[in-house]
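A.B. asks: Pasting upload.cif here (mmCIF, C-alpha atoms):
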```cif
data_my_file
loop_
_atom_site.label_atom_id
_atom_site.label_comp_id
_atom_site.auth_asym_id
_atom_site.auth_seq_id
_atom_site.Cartn_x
_atom_site.Cartn_y
_atom_site.Cartn_z
CA MET A 94 -12.44 18.37 19.53
CA ARG A 95 -14.53 19.66 16.63
CA TYR A 96 -12.91 17.16 14.27
CA ARG A 97 -13.61 14.27 16.62
CA LEU A 98 -17.23 15.28 16.85
CA THR A 99 -17.48 15.55 13.07
CA PHE A 100 -15.87 12.13 12.68
CA VAL A 101 -18.23 10.52 15.19
CA ALA A 102 -21.23 12.15 13.53
CA GLY A 103 -20.09 10.91 10.12
CA LEU A 104 -19.53 7.45 11.51
CA ALA A 105 -23.04 7.41 13.00
CA VAL A 106 -24.65 8.60 9.76
CA GLY A 107 -22.70 6.01 7.77
CA TYR A 108 -23.77 3.27 10.13
CA VAL A 109 -27.44 4.24 9.94
CA LEU A 110 -27.40 4.48 6.15
CA GLY A 111 -25.46 1.25 5.88
CA THR A 112 -27.91 -0.68 8.01
CA LYS A 113 -30.83 0.68 6.01
CA ALA A 114 -29.23 -0.44 2.74
CA GLY A 115 -28.97 -3.96 4.08
CA ARG A 116 -26.92 -7.00 3.30
CA GLU A 117 -28.15 -7.29 -0.29
CA ARG A 118 -26.72 -3.92 -1.26
CA TYR A 119 -23.45 -4.81 0.45
CA GLU A 120 -23.22 -8.02 -1.56
CA GLU A 121 -23.92 -6.08 -4.79
CA LEU A 122 -21.13 -3.64 -4.01
CA MET A 123 -18.69 -6.45 -3.22
CA LYS A 124 -19.57 -8.26 -6.44
CA SER A 125 -18.97 -5.09 -8.43
CA ALA A 126 -15.66 -4.49 -6.66
CA ARG A 127 -14.51 -8.05 -7.45
CA GLN A 128 -15.44 -7.63 -11.12
CA VAL A 129 -13.45 -4.41 -11.35
CA ALA A 130 -10.47 -5.95 -9.57
CA GLN A 131 -10.49 -8.97 -11.92
CA ASN A 132 -10.70 -6.86 -15.06
CA PRO A 133 -7.51 -7.44 -17.10
CA ALA A 134 -7.19 -3.75 -17.97
CA VAL A 135 -7.33 -2.79 -14.29
CA ARG A 136 -4.85 -5.49 -13.34
CA ASN A 137 -2.42 -4.42 -16.08
CA THR A 138 -2.67 -0.80 -15.03
CA ALA A 139 -2.07 -1.69 -11.39
CA GLU A 140 0.95 -3.82 -12.29
CA THR A 141 2.37 -1.05 -14.47
CA ALA A 142 1.93 1.45 -11.65
CA ALA A 143 3.65 -0.93 -9.24
CA GLN A 144 6.59 -1.40 -11.61
CA GLN A 145 6.96 2.33 -12.09
CA GLY A 146 6.78 2.85 -8.34
CA ARG A 147 9.55 0.32 -7.76
CA HIS A 148 11.62 1.93 -10.51
CA TYR A 149 11.29 5.44 -9.07
CA ALA A 150 11.84 4.18 -5.53
CA GLY A 151 15.09 2.57 -6.66
CA ARG A 152 16.20 5.78 -8.34
CA ALA A 153 15.29 7.77 -5.23
CA TYR A 154 17.21 5.33 -3.06
CA HIS A 155 20.37 5.82 -5.11
CA ALA A 156 19.96 9.60 -5.21
CA VAL A 157 19.48 9.81 -1.46
CA SER A 158 22.32 7.41 -0.66
CA ASP A 159 24.67 9.38 -2.93
CA ARG A 160 23.81 12.62 -1.13
CA VAL A 161 23.68 11.26 2.39
CA GLY A 162 26.65 8.95 2.00
CA ASP A 163 28.39 8.19 5.27
CA HIS A 164 26.39 10.69 7.30
CA MET A 165 23.92 8.02 8.48
CA PRO A 166 24.43 6.34 11.85
CA ASP A 167 25.71 2.78 11.71
CA SER A 168 22.49 1.42 13.22
CA VAL A 169 20.43 2.81 10.33
CA SER A 170 22.91 1.53 7.74
CA GLU A 171 22.84 -1.95 9.27
CA ARG A 172 19.04 -1.97 9.34
CA VAL A 173 18.85 -1.03 5.65
CA ARG A 174 21.37 -3.74 4.74
CA SER A 175 19.46 -6.38 6.71
CA LEU A 176 16.17 -5.41 5.05
CA ARG A 177 17.73 -5.60 1.59
CA GLU A 178 19.25 -9.02 2.35
CA ARG A 179 15.91 -10.28 3.66
CA SER A 180 14.13 -9.15 0.51
CA THR A 181 16.63 -10.97 -1.72
CA ARG A 182 16.29 -14.16 0.37
CA ASN A 183 12.51 -14.06 -0.08
CA GLY A 184 12.96 -14.37 -3.82
CA GLY A 185 11.91 -10.79 -4.50
CA LYS A 186 8.60 -11.09 -2.65
CA ASP A 187 7.61 -8.61 0.00
CA ASP A 188 5.58 -9.22 3.15
CA TRP A 189 2.30 -8.86 1.22
CA GLY A 190 3.12 -11.63 -1.25
CA THR A 191 3.59 -9.40 -4.27
CA SER A 192 6.43 -9.96 -6.65
CA ASP A 193 9.32 -7.62 -7.35
CA THR A 194 8.91 -7.89 -11.11
#
```
Would you kindly transcribe this structure into structure tokens?
C.D. replies:
Amino acid sequence: MRYRLTFVAGLAVGYVLGTKAGRERYEELMKSARQVAQNPAVRNTAETAAQQGRHYAGRAYHAVSDRVGDHMPDSVSERVRSLRERSTRNGGKDDWGTSDT
């Protein structure tokens, strides 16, 4: 209950401060966020992090499948196969429209 009360109090304080700052400050923050997101260095870093994440996820998948092997129920195995097939049919794109490169 204490955490809920703290959350509600924080939400109320944020709302009051946000309304005092006004729409102009919101627009300034959004403009700054867009500039940072469009920065080539930031984009390259994000893409590199995504590639590394996919690489390590693939390695983890193989390590787990080697250890687990045939101990998984058939329903889970079928679900994993269907998800992998769906991702290859989408041309390597996931549900968020990002590439698998």
A.B. asks: Name the residues in contact with segment 149-152 of chain A at a cut-off of 12 Å, using only C-alpha atoms, excluding same-chain residues fewer than 6 positions from it; report them as a list in words.
C.D. replies: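 After dropping sequence-adjacent residues, the list is Ala142, Ala143, Ser158, Asp159, Arg177 and Asp193 of chain A.
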A.B. asks: Calculate how many Å separate atom CA of Arg127 of chain A from atom CA of Ala139 of chain A, rounding to one decimal.
C.D. replies: 14.5 Å
A.B. asks: Which distance in Å separates atom CA of Arg118 of chain A and atom CA of Val106 of chain A, to one decimal?
C.D. replies: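 Result for atom CA of Arg118 of chain A versus atom CA of Val106 of chain A: 16.8 Å, one decimal.
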A.B. asks: How many Å separate atom CA of Thr99 of chain A from atom CA of Gly115 of chain A?
C.D. replies: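 Value for the atom CA of Thr99 of chain A-atom CA of Gly115 of chain A distance: 24.4 Å.
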